[in-house]
Structure formats: C-alpha cells, structure tokens
>>> print(open('upload_17.pdb').read())   # PDB, C-alpha atoms
MODEL        1
ATOM      1  CA  MET Z  28     114.779 327.700 -59.140  1.00  0.00           C
ATOM      2  CA  ALA Z  29     111.915 327.063 -61.567  1.00  0.00           C
ATOM      3  CA  ALA Z  30     108.363 327.427 -60.305  1.00  0.00           C
ATOM      4  CA  GLU Z  31     106.159 324.379 -60.343  1.00  0.00           C
ATOM      5  CA  VAL Z  32     103.357 323.957 -62.832  1.00  0.00           C
ATOM      6  CA  ARG Z  33     100.409 325.051 -60.721  1.00  0.00           C
ATOM      7  CA  VAL Z  34      97.849 327.650 -59.802  1.00  0.00           C
ATOM      8  CA  HIS Z  35      99.298 330.957 -58.641  1.00  0.00           C
ATOM      9  CA  LYS Z  36      97.806 333.925 -56.816  1.00  0.00           C
ATOM     10  CA  LYS Z  37      97.305 336.858 -59.177  1.00  0.00           C
ATOM     11  CA  GLY Z  38     100.571 338.788 -59.438  1.00  0.00           C
ATOM     12  CA  GLY Z  39     102.674 335.923 -58.101  1.00  0.00           C
ATOM     13  CA  PHE Z  40     104.062 334.781 -61.455  1.00  0.00           C
ATOM     14  CA  SER Z  41     104.743 336.583 -64.742  1.00  0.00           C
ATOM     15  CA  LEU Z  42     104.959 335.705 -68.413  1.00  0.00           C
ATOM     16  CA  LEU Z  43     108.699 336.322 -68.224  1.00  0.00           C
ATOM     17  CA  ASP Z  44     108.862 333.857 -65.292  1.00  0.00           C
ATOM     18  CA  ALA Z  45     107.037 331.279 -67.424  1.00  0.00           C
ATOM     19  CA  ILE Z  46     109.417 331.673 -70.362  1.00  0.00           C
ATOM     20  CA  LYS Z  47     112.473 331.509 -68.086  1.00  0.00           C
ATOM     21  CA  ASN Z  48     110.955 328.404 -66.486  1.00  0.00           C
ATOM     22  CA  VAL Z  49     110.707 326.609 -69.838  1.00  0.00           C
ATOM     23  CA  LYS Z  50     114.189 327.669 -70.898  1.00  0.00           C
ATOM     24  CA  SER Z  51     115.641 326.349 -67.616  1.00  0.00           C
ATOM     25  CA  ASN Z  52     114.556 322.786 -68.484  1.00  0.00           C
ATOM     26  CA  LYS Z  53     117.640 320.544 -68.598  1.00  0.00           C
ATOM     27  CA  ASP Z  54     116.589 319.293 -72.075  1.00  0.00           C
ATOM     28  CA  PHE Z  55     115.830 322.722 -73.545  1.00  0.00           C
ATOM     29  CA  GLN Z  56     118.747 322.455 -76.003  1.00  0.00           C
ATOM     30  CA  LYS Z  57     116.574 319.924 -77.901  1.00  0.00           C
ATOM     31  CA  ALA Z  58     113.882 322.577 -78.462  1.00  0.00           C
ATOM     32  CA  GLY Z  59     113.494 324.548 -81.659  1.00  0.00           C
ATOM     33  CA  ALA Z  60     110.143 326.101 -80.776  1.00  0.00           C
ATOM     34  CA  ILE Z  61     108.087 327.359 -77.861  1.00  0.00           C
ATOM     35  CA  ALA Z  62     104.357 327.785 -78.388  1.00  0.00           C
ATOM     36  CA  LEU Z  63     102.449 329.956 -75.939  1.00  0.00           C
ATOM     37  CA  PHE Z  64      98.762 330.387 -75.091  1.00  0.00           C
ATOM     38  CA  ILE Z  65      97.723 333.328 -72.938  1.00  0.00           C
ATOM     39  CA  GLY Z  66      94.134 333.153 -71.721  1.00  0.00           C
ATOM     40  CA  VAL Z  67      92.722 336.606 -70.922  1.00  0.00           C
ATOM     41  CA  VAL Z  68      89.459 337.941 -69.516  1.00  0.00           C
ATOM     42  CA  ARG Z  69      87.060 338.491 -72.392  1.00  0.00           C
ATOM     43  CA  GLY Z  70      84.891 341.621 -72.144  1.00  0.00           C
ATOM     44  CA  GLU Z  71      81.727 339.973 -73.432  1.00  0.00           C
ATOM     45  CA  THR Z  72      79.864 336.734 -72.709  1.00  0.00           C
ATOM     46  CA  VAL Z  73      78.506 334.357 -75.352  1.00  0.00           C
ATOM     47  CA  LYS Z  74      75.138 336.107 -74.730  1.00  0.00           C
ATOM     48  CA  SER Z  75      76.736 339.505 -75.527  1.00  0.00           C
ATOM     49  CA  GLU Z  76      76.575 340.667 -71.912  1.00  0.00           C
ATOM     50  CA  LYS Z  77      79.280 343.104 -70.795  1.00  0.00           C
ATOM     51  CA  VAL Z  78      81.743 341.464 -68.400  1.00  0.00           C
ATOM     52  CA  GLN Z  79      82.700 343.646 -65.413  1.00  0.00           C
ATOM     53  CA  LYS Z  80      85.241 341.262 -63.857  1.00  0.00           C
ATOM     54  CA  LEU Z  81      86.027 337.599 -63.188  1.00  0.00           C
ATOM     55  CA  GLU Z  82      86.773 335.811 -59.963  1.00  0.00           C
ATOM     56  CA  ILE Z  83      88.839 332.619 -60.237  1.00  0.00           C
ATOM     57  CA  GLU Z  84      88.981 330.025 -57.470  1.00  0.00           C
ATOM     58  CA  ALA Z  85      90.322 326.482 -57.342  1.00  0.00           C
ATOM     59  CA  TYR Z  86      90.510 323.382 -55.231  1.00  0.00           C
ATOM     60  CA  GLU Z  87      94.224 324.183 -55.169  1.00  0.00           C
ATOM     61  CA  GLU Z  88      95.757 320.879 -54.089  1.00  0.00           C
ATOM     62  CA  LYS Z  89      93.767 318.898 -56.649  1.00  0.00           C
ATOM     63  CA  ALA Z  90      94.207 321.549 -59.367  1.00  0.00           C
ATOM     64  CA  ASN Z  91      97.985 321.454 -58.916  1.00  0.00           C
ATOM     65  CA  GLU Z  92      97.939 317.650 -59.152  1.00  0.00           C
ATOM     66  CA  VAL Z  93      95.763 317.661 -62.288  1.00  0.00           C
ATOM     67  CA  LEU Z  94      97.852 320.350 -64.027  1.00  0.00           C
ATOM     68  CA  ALA Z  95     101.065 318.467 -63.245  1.00  0.00           C
ATOM     69  CA  ASN Z  96      99.575 315.196 -64.537  1.00  0.00           C
ATOM     70  CA  ILE Z  97      98.420 316.816 -67.786  1.00  0.00           C
ATOM     71  CA  CYS Z  98     101.890 318.292 -68.342  1.00  0.00           C
ATOM     72  CA  GLU Z  99     103.688 315.030 -67.555  1.00  0.00           C
ATOM     73  CA  ASP Z 100     101.369 313.111 -69.884  1.00  0.00           C
ATOM     74  CA  LEU Z 101     101.850 315.541 -72.772  1.00  0.00           C
ATOM     75  CA  LYS Z 102     105.656 315.647 -72.308  1.00  0.00           C
ATOM     76  CA  ARG Z 103     105.684 312.009 -73.443  1.00  0.00           C
ATOM     77  CA  LYS Z 104     104.554 312.958 -76.949  1.00  0.00           C
ATOM     78  CA  GLU Z 105     107.090 312.773 -79.750  1.00  0.00           C
ATOM     79  CA  GLY Z 106     109.317 315.822 -80.082  1.00  0.00           C
ATOM     80  CA  ILE Z 107     108.068 317.504 -76.888  1.00  0.00           C
ATOM     81  CA  VAL Z 108     110.638 318.871 -74.448  1.00  0.00           C
ATOM     82  CA  ASP Z 109     108.404 320.598 -71.875  1.00  0.00           C
ATOM     83  CA  VAL Z 110     104.772 321.473 -71.147  1.00  0.00           C
ATOM     84  CA  GLN Z 111     103.758 323.981 -68.489  1.00  0.00           C
ATOM     85  CA  ILE Z 112     100.397 325.321 -67.326  1.00  0.00           C
ATOM     86  CA  HIS Z 113     100.280 328.267 -64.924  1.00  0.00           C
ATOM     87  CA  HIS Z 114      96.749 329.384 -63.956  1.00  0.00           C
ATOM     88  CA  PHE Z 115      96.007 332.420 -61.815  1.00  0.00           C
ATOM     89  CA  LEU Z 116      93.562 332.836 -58.925  1.00  0.00           C
ATOM     90  CA  GLY Z 117      91.900 336.022 -57.696  1.00  0.00           C
ATOM     91  CA  GLU Z 118      89.858 338.883 -59.152  1.00  0.00           C
ATOM     92  CA  PHE Z 119      90.555 339.978 -62.712  1.00  0.00           C
ATOM     93  CA  ASP Z 120      89.497 342.875 -64.916  1.00  0.00           C
ATOM     94  CA  VAL Z 121      88.776 342.604 -68.634  1.00  0.00           C
ATOM     95  CA  GLY Z 122      91.983 342.026 -70.582  1.00  0.00           C
ATOM     96  CA  GLU Z 123      94.029 340.660 -67.684  1.00  0.00           C
ATOM     97  CA  ASP Z 124      95.963 337.385 -68.040  1.00  0.00           C
ATOM     98  CA  LEU Z 125      94.351 334.277 -66.500  1.00  0.00           C
ATOM     99  CA  VAL Z 126      96.564 331.435 -67.672  1.00  0.00           C
ATOM    100  CA  TYR Z 127      99.855 330.721 -69.446  1.00  0.00           C
ATOM    101  CA  VAL Z 128     100.271 327.425 -71.281  1.00  0.00           C
ATOM    102  CA  LEU Z 129     103.698 326.810 -72.807  1.00  0.00           C
ATOM    103  CA  VAL Z 130     104.925 323.927 -74.919  1.00  0.00           C
ATOM    104  CA  ALA Z 131     108.550 323.535 -75.982  1.00  0.00           C
ATOM    105  CA  GLY Z 132     109.436 321.035 -78.659  1.00  0.00           C
ATOM    106  CA  ALA Z 133     111.829 320.071 -81.391  1.00  0.00           C
ATOM    107  CA  HIS Z 134     109.766 321.659 -84.197  1.00  0.00           C
ATOM    108  CA  ARG Z 135     106.708 323.883 -84.594  1.00  0.00           C
ATOM    109  CA  LYS Z 136     104.712 320.940 -85.949  1.00  0.00           C
ATOM    110  CA  ASN Z 137     105.252 319.163 -82.615  1.00  0.00           C
ATOM    111  CA  VAL Z 138     104.187 322.035 -80.361  1.00  0.00           C
ATOM    112  CA  PHE Z 139     100.927 323.411 -81.796  1.00  0.00           C
ATOM    113  CA  PRO Z 140      98.761 320.264 -81.457  1.00  0.00           C
ATOM    114  CA  VAL Z 141     100.087 319.679 -77.931  1.00  0.00           C
ATOM    115  CA  LEU Z 142      99.390 323.301 -76.988  1.00  0.00           C
ATOM    116  CA  GLU Z 143      95.773 322.938 -78.092  1.00  0.00           C
ATOM    117  CA  GLU Z 144      95.406 319.634 -76.238  1.00  0.00           C
ATOM    118  CA  ALA Z 145      96.898 321.134 -73.056  1.00  0.00           C
ATOM    119  CA  VAL Z 146      94.391 324.013 -73.137  1.00  0.00           C
ATOM    120  CA  ASP Z 147      91.437 321.709 -73.845  1.00  0.00           C
ATOM    121  CA  ARG Z 148      92.458 319.329 -71.068  1.00  0.00           C
ATOM    122  CA  TYR Z 149      93.044 321.859 -68.294  1.00  0.00           C
ATOM    123  CA  LYS Z 150      89.649 323.435 -69.049  1.00  0.00           C
ATOM    124  CA  LYS Z 151      87.928 320.040 -68.758  1.00  0.00           C
ATOM    125  CA  GLU Z 152      89.983 318.364 -66.024  1.00  0.00           C
ATOM    126  CA  ALA Z 153      91.278 320.937 -63.537  1.00  0.00           C
ATOM    127  CA  PRO Z 154      89.015 321.976 -60.618  1.00  0.00           C
ATOM    128  CA  ILE Z 155      89.323 325.690 -61.396  1.00  0.00           C
ATOM    129  CA  PHE Z 156      86.148 327.745 -61.108  1.00  0.00           C
ATOM    130  CA  LYS Z 157      85.193 331.019 -62.789  1.00  0.00           C
ATOM    131  CA  LYS Z 158      82.617 333.485 -61.460  1.00  0.00           C
ATOM    132  CA  GLU Z 159      81.579 336.088 -64.000  1.00  0.00           C
ATOM    133  CA  TYR Z 160      80.243 339.517 -63.044  1.00  0.00           C
ATOM    134  CA  VAL Z 161      78.202 340.834 -65.965  1.00  0.00           C
ATOM    135  CA  MET Z 162      76.034 343.856 -66.657  1.00  0.00           C
ATOM    136  CA  ASN Z 163      72.652 343.023 -68.126  1.00  0.00           C
ATOM    137  CA  ARG Z 164      70.787 345.171 -70.672  1.00  0.00           C
ATOM    138  CA  LYS Z 165      69.139 347.164 -67.857  1.00  0.00           C
ATOM    139  CA  GLY Z 166      72.521 348.102 -66.366  1.00  0.00           C
ATOM    140  CA  LYS Z 167      72.273 345.759 -63.379  1.00  0.00           C
ATOM    141  CA  THR Z 168      75.306 343.635 -62.449  1.00  0.00           C
ATOM    142  CA  ASN Z 169      74.707 339.923 -61.959  1.00  0.00           C
ATOM    143  CA  ALA Z 170      77.245 337.320 -60.878  1.00  0.00           C
ATOM    144  CA  TYR Z 171      77.220 333.605 -61.657  1.00  0.00           C
ATOM    145  CA  TRP Z 172      79.578 330.630 -61.800  1.00  0.00           C
ATOM    146  CA  VAL Z 173      80.458 329.658 -65.365  1.00  0.00           C
ATOM    147  CA  THR Z 174      80.683 326.130 -66.696  1.00  0.00           C
ATOM    148  CA  GLU Z 175      82.500 325.301 -69.902  1.00  0.00           C
ATOM    149  CA  HIS Z 176      80.255 324.296 -72.796  1.00  0.00           C
TER     150      HIS Z 176
ENDMDL
END
>>> encode(input="upload_17.pdb", output="structure tokens")
Amino acid sequence: MAAEVRVHKKGGFSLLDAIKNVKSNKDFQKAGAIALFIGVVRGETVKSEKVQKLEIEAYEEKANEVLANICEDLKRKEGIVDVQIHHFLGEFDVGEDLVYVLVAGAHRKNVFPVLEEAVDRYKKEAPIFKKEYVMNRKGKTNAYWVTEH
C-alpha cells in the first residue's frame, strides 16, 4: 500500500519508496515524466557559517494536512498525474536527505513548473521547523531556529 503524503520520521521512508508510491498511482499510465526534488542539508549557512547538523520538527497533524492540500491542489493542473511531498523529521547531518518532492505528468513541460511551485509552497505553508547547529568563526557551536527568507 502506498504511503501517504506526509512528514516521516528519519529513516521511515526512502527515495525508492517515494518512486514506487508515484508509480502505484492508478493513473500513472498517463505519465511520461517524473520530476524529483531532493532537499538535503547544506553544509554552510547564507552567512558562510559551517553547519554541524539540523534538527527538523513539525506540528505533524497540521503539516500532514497542509502537504496533502498542496498536492491535491497541484494535481488539478493540466497534464499532472500525481504530486507527492515527503518531509523528514529528526536530526540530520550535512548531506542527508530532508525532503522528497515528486511530480508525475504527461510531459516534462508539465512537471517542472509544478515541481518548483510544490517546493515553494511547502516551504511557505507547512508548519515544519528547522533548527540549525552552526560553528562560528571562533569554533563555538550555536543553535537557532531558521526562518525562510
């Protein structure tokens, strides 16, 4: 059975699971393309501080509702077969996967704009919170909650 679009505990869902999920859609035979965004932990902040790790938390019930609503809304666009957002919660090291966003559609021209919109929307709308642990220039680690710009 396909996993719901939602937040997942780190390690509870894989990229292969996400791809299988999209391909299990009853309308997948209409798809000619799958576009994929993998968000990973960046090793440097916009202020060039070295990132040690990230901690991701969410208001899970609301986050799941918002992610599902975004996906349902975007599935209504012309040529789109499926949209899925799977965001992870927990502690993450630099380079680890944080989120998978997948869009299946009839043609590549259908999927890329919807993929970008899905990423922009979940970042703005979903109650998912990121705490960054960074090393300052003096070698001291500081932690703070990050807001999107």
>>> resolve_selection(input="upload_17.pdb", expression="the PyMOL selection byres ((chain Z and resi 40) around 12)", output="PyMOL selection string")
chain Z and resi 29-39+41-48+112-116+124-127
>>> resolve_selection(input="upload_17.pdb", expression="the PyMOL selection byres ((chain Z and resi 173) around 12)", output="list of chain:residue names")
Z:Thr72, Z:Val73, Z:Leu81, Z:Glu82, Z:Ile83, Z:Glu84, Z:Lys150, Z:Ile155, Z:Phe156, Z:Lys157, Z:Lys158, Z:Glu159, Z:Tyr160, Z:Val161, Z:Ala170, Z:Tyr171, Z:Trp172, Z:Thr174, Z:Glu175, Z:His176
>>> atom_distance(input="upload_17.pdb", atom1="atom CA of Lys165 of chain Z", atom2="atom CA of Val78 of chain Z")
13.8 Å
>>> atom_distance(input="upload_17.pdb", atom1="atom CA of Lys89 of chain Z", atom2="atom CA of Arg103 of chain Z")
21.7 Å
>>> resolve_selection(input="upload_17.pdb", expression="the PyMOL selection byres ((chain Z and resi 141) around 9)", output="PyMOL selection string")
chain Z and resi 101-102+104+107+110+130+137-140+142-146
>>> closest_residue(input="upload_17.pdb", among="Z:Gly132, Z:Gly106, Z:Gly70, Z:Pro154", to="Asp120 of chain Z", atoms="all atoms listed in the file")
Z:Gly70
>>> decode(input="upload_17.pdb", residues="segment 127-169 of chain Z", atoms="N, CA and C atoms", output="PDB file, in the first residue's frame")
ATOM      1  N   TYR Z 127      11.555  14.804  -0.104  1.00  0.00           N
ATOM      2  CA  TYR Z 127      11.385  14.362  -1.484  1.00  0.00           C
ATOM      3  C   TYR Z 127      10.096  14.985  -2.000  1.00  0.00           C
ATOM      4  N   VAL Z 128      10.190  15.665  -3.130  1.00  0.00           N
ATOM      5  CA  VAL Z 128       9.010  16.194  -3.811  1.00  0.00           C
ATOM      6  C   VAL Z 128       9.019  15.573  -5.201  1.00  0.00           C
ATOM      7  N   LEU Z 129       7.923  14.903  -5.548  1.00  0.00           N
ATOM      8  CA  LEU Z 129       7.824  14.226  -6.839  1.00  0.00           C
ATOM      9  C   LEU Z 129       6.582  14.708  -7.572  1.00  0.00           C
ATOM     10  N   VAL Z 130       6.749  14.917  -8.868  1.00  0.00           N
ATOM     11  CA  VAL Z 130       5.626  15.304  -9.717  1.00  0.00           C
ATOM     12  C   VAL Z 130       5.658  14.411 -10.955  1.00  0.00           C
ATOM     13  N   ALA Z 131       4.550  13.721 -11.193  1.00  0.00           N
ATOM     14  CA  ALA Z 131       4.404  12.910 -12.400  1.00  0.00           C
ATOM     15  C   ALA Z 131       3.413  13.614 -13.311  1.00  0.00           C
ATOM     16  N   GLY Z 132       3.743  13.625 -14.599  1.00  0.00           N
ATOM     17  CA  GLY Z 132       2.855  14.286 -15.547  1.00  0.00           C
ATOM     18  C   GLY Z 132       3.028  13.745 -16.944  1.00  0.00           C
ATOM     19  N   ALA Z 133       2.167  14.221 -17.815  1.00  0.00           N
ATOM     20  CA  ALA Z 133       2.144  13.744 -19.197  1.00  0.00           C
ATOM     21  C   ALA Z 133       3.453  14.044 -19.924  1.00  0.00           C
ATOM     22  N   HIS Z 134       4.017  15.228 -19.696  1.00  0.00           N
ATOM     23  CA  HIS Z 134       5.220  15.672 -20.411  1.00  0.00           C
ATOM     24  C   HIS Z 134       6.125  16.442 -19.463  1.00  0.00           C
ATOM     25  N   ARG Z 135       7.398  16.546 -19.816  1.00  0.00           N
ATOM     26  CA  ARG Z 135       8.352  17.270 -18.964  1.00  0.00           C
ATOM     27  C   ARG Z 135       7.955  18.733 -18.783  1.00  0.00           C
ATOM     28  N   LYS Z 136       7.347  19.321 -19.798  1.00  0.00           N
ATOM     29  CA  LYS Z 136       6.950  20.733 -19.688  1.00  0.00           C
ATOM     30  C   LYS Z 136       5.841  20.924 -18.658  1.00  0.00           C
ATOM     31  N   ASN Z 137       5.082  19.871 -18.372  1.00  0.00           N
ATOM     32  CA  ASN Z 137       4.052  19.947 -17.333  1.00  0.00           C
ATOM     33  C   ASN Z 137       4.669  19.877 -15.943  1.00  0.00           C
ATOM     34  N   VAL Z 138       5.680  19.025 -15.765  1.00  0.00           N
ATOM     35  CA  VAL Z 138       6.134  18.692 -14.409  1.00  0.00           C
ATOM     36  C   VAL Z 138       7.077  19.704 -13.771  1.00  0.00           C
ATOM     37  N   PHE Z 139       7.962  20.333 -14.535  1.00  0.00           N
ATOM     38  CA  PHE Z 139       8.959  21.211 -13.907  1.00  0.00           C
ATOM     39  C   PHE Z 139       8.367  22.427 -13.204  1.00  0.00           C
ATOM     40  N   PRO Z 140       7.433  23.160 -13.826  1.00  0.00           N
ATOM     41  CA  PRO Z 140       6.847  24.312 -13.113  1.00  0.00           C
ATOM     42  C   PRO Z 140       6.078  23.884 -11.856  1.00  0.00           C
ATOM     43  N   VAL Z 141       5.418  22.743 -11.914  1.00  0.00           N
ATOM     44  CA  VAL Z 141       4.649  22.267 -10.765  1.00  0.00           C
ATOM     45  C   VAL Z 141       5.598  21.816  -9.651  1.00  0.00           C
ATOM     46  N   LEU Z 142       6.711  21.216 -10.027  1.00  0.00           N
ATOM     47  CA  LEU Z 142       7.715  20.825  -9.029  1.00  0.00           C
ATOM     48  C   LEU Z 142       8.214  22.055  -8.277  1.00  0.00           C
ATOM     49  N   GLU Z 143       8.549  23.096  -8.999  1.00  0.00           N
ATOM     50  CA  GLU Z 143       9.034  24.324  -8.357  1.00  0.00           C
ATOM     51  C   GLU Z 143       7.954  24.931  -7.461  1.00  0.00           C
ATOM     52  N   GLU Z 144       6.722  24.958  -7.925  1.00  0.00           N
ATOM     53  CA  GLU Z 144       5.634  25.502  -7.113  1.00  0.00           C
ATOM     54  C   GLU Z 144       5.413  24.666  -5.849  1.00  0.00           C
ATOM     55  N   ALA Z 145       5.498  23.346  -5.970  1.00  0.00           N
ATOM     56  CA  ALA Z 145       5.315  22.477  -4.801  1.00  0.00           C
ATOM     57  C   ALA Z 145       6.378  22.765  -3.743  1.00  0.00           C
ATOM     58  N   VAL Z 146       7.629  22.918  -4.170  1.00  0.00           N
ATOM     59  CA  VAL Z 146       8.717  23.211  -3.230  1.00  0.00           C
ATOM     60  C   VAL Z 146       8.499  24.580  -2.580  1.00  0.00           C
ATOM     61  N   ASP Z 147       8.211  25.589  -3.389  1.00  0.00           N
ATOM     62  CA  ASP Z 147       7.977  26.931  -2.840  1.00  0.00           C
ATOM     63  C   ASP Z 147       6.830  26.925  -1.840  1.00  0.00           C
ATOM     64  N   ARG Z 148       5.765  26.219  -2.165  1.00  0.00           N
ATOM     65  CA  ARG Z 148       4.582  26.228  -1.293  1.00  0.00           C
ATOM     66  C   ARG Z 148       4.815  25.485   0.016  1.00  0.00           C
ATOM     67  N   TYR Z 149       5.443  24.305  -0.018  1.00  0.00           N
ATOM     68  CA  TYR Z 149       5.614  23.605   1.256  1.00  0.00           C
ATOM     69  C   TYR Z 149       6.522  24.409   2.175  1.00  0.00           C
ATOM     70  N   LYS Z 150       7.524  25.093   1.614  1.00  0.00           N
ATOM     71  CA  LYS Z 150       8.423  25.903   2.445  1.00  0.00           C
ATOM     72  C   LYS Z 150       7.678  27.061   3.112  1.00  0.00           C
ATOM     73  N   LYS Z 151       6.712  27.634   2.409  1.00  0.00           N
ATOM     74  CA  LYS Z 151       5.958  28.774   2.948  1.00  0.00           C
ATOM     75  C   LYS Z 151       4.789  28.349   3.829  1.00  0.00           C
ATOM     76  N   GLU Z 152       4.122  27.245   3.485  1.00  0.00           N
ATOM     77  CA  GLU Z 152       2.834  26.919   4.090  1.00  0.00           C
ATOM     78  C   GLU Z 152       2.871  25.862   5.183  1.00  0.00           C
ATOM     79  N   ALA Z 153       3.777  24.922   5.110  1.00  0.00           N
ATOM     80  CA  ALA Z 153       3.759  23.800   6.064  1.00  0.00           C
ATOM     81  C   ALA Z 153       4.435  24.182   7.381  1.00  0.00           C
ATOM     82  N   PRO Z 154       3.822  23.839   8.524  1.00  0.00           N
ATOM     83  CA  PRO Z 154       4.426  24.136   9.828  1.00  0.00           C
ATOM     84  C   PRO Z 154       5.527  23.116  10.159  1.00  0.00           C
ATOM     85  N   ILE Z 155       6.636  23.271   9.431  1.00  0.00           N
ATOM     86  CA  ILE Z 155       7.827  22.438   9.613  1.00  0.00           C
ATOM     87  C   ILE Z 155       8.948  23.388  10.005  1.00  0.00           C
ATOM     88  N   PHE Z 156       9.667  23.043  11.076  1.00  0.00           N
ATOM     89  CA  PHE Z 156      10.613  23.968  11.683  1.00  0.00           C
ATOM     90  C   PHE Z 156      12.022  23.375  11.679  1.00  0.00           C
ATOM     91  N   LYS Z 157      13.003  24.243  11.372  1.00  0.00           N
ATOM     92  CA  LYS Z 157      14.382  23.818  11.203  1.00  0.00           C
ATOM     93  C   LYS Z 157      15.263  24.537  12.225  1.00  0.00           C
ATOM     94  N   LYS Z 158      15.983  23.756  13.016  1.00  0.00           N
ATOM     95  CA  LYS Z 158      16.955  24.305  13.963  1.00  0.00           C
ATOM     96  C   LYS Z 158      18.340  23.966  13.429  1.00  0.00           C
ATOM     97  N   GLU Z 159      19.143  25.010  13.235  1.00  0.00           N
ATOM     98  CA  GLU Z 159      20.469  24.836  12.666  1.00  0.00           C
ATOM     99  C   GLU Z 159      21.515  24.911  13.777  1.00  0.00           C
ATOM    100  N   TYR Z 160      22.442  23.985  13.763  1.00  0.00           N
ATOM    101  CA  TYR Z 160      23.583  23.998  14.681  1.00  0.00           C
ATOM    102  C   TYR Z 160      24.785  24.381  13.837  1.00  0.00           C
ATOM    103  N   VAL Z 161      25.357  25.552  14.127  1.00  0.00           N
ATOM    104  CA  VAL Z 161      26.455  26.074  13.311  1.00  0.00           C
ATOM    105  C   VAL Z 161      27.667  26.386  14.173  1.00  0.00           C
ATOM    106  N   MET Z 162      28.844  26.316  13.543  1.00  0.00           N
ATOM    107  CA  MET Z 162      30.078  26.681  14.216  1.00  0.00           C
ATOM    108  C   MET Z 162      30.455  28.086  13.770  1.00  0.00           C
ATOM    109  N   ASN Z 163      30.643  28.975  14.751  1.00  0.00           N
ATOM    110  CA  ASN Z 163      31.033  30.335  14.386  1.00  0.00           C
ATOM    111  C   ASN Z 163      32.537  30.401  14.111  1.00  0.00           C
ATOM    112  N   ARG Z 164      33.023  31.584  13.777  1.00  0.00           N
ATOM    113  CA  ARG Z 164      34.437  31.751  13.396  1.00  0.00           C
ATOM    114  C   ARG Z 164      35.400  31.422  14.535  1.00  0.00           C
ATOM    115  N   LYS Z 165      34.914  31.479  15.772  1.00  0.00           N
ATOM    116  CA  LYS Z 165      35.759  31.180  16.937  1.00  0.00           C
ATOM    117  C   LYS Z 165      35.707  29.704  17.319  1.00  0.00           C
ATOM    118  N   GLY Z 166      34.966  28.895  16.541  1.00  0.00           N
ATOM    119  CA  GLY Z 166      34.888  27.471  16.804  1.00  0.00           C
ATOM    120  C   GLY Z 166      33.813  27.063  17.799  1.00  0.00           C
ATOM    121  N   LYS Z 167      32.975  28.014  18.198  1.00  0.00           N
ATOM    122  CA  LYS Z 167      31.889  27.710  19.133  1.00  0.00           C
ATOM    123  C   LYS Z 167      30.628  27.341  18.350  1.00  0.00           C
ATOM    124  N   THR Z 168      29.907  26.306  18.835  1.00  0.00           N
ATOM    125  CA  THR Z 168      28.667  25.899  18.177  1.00  0.00           C
ATOM    126  C   THR Z 168      27.492  26.656  18.782  1.00  0.00           C
ATOM    127  N   ASN Z 169      26.693  27.248  17.908  1.00  0.00           N
ATOM    128  CA  ASN Z 169      25.469  27.934  18.278  1.00  0.00           C
ATOM    129  C   ASN Z 169      24.296  27.233  17.589  1.00  0.00           C
TER     130      ASN Z 169
END
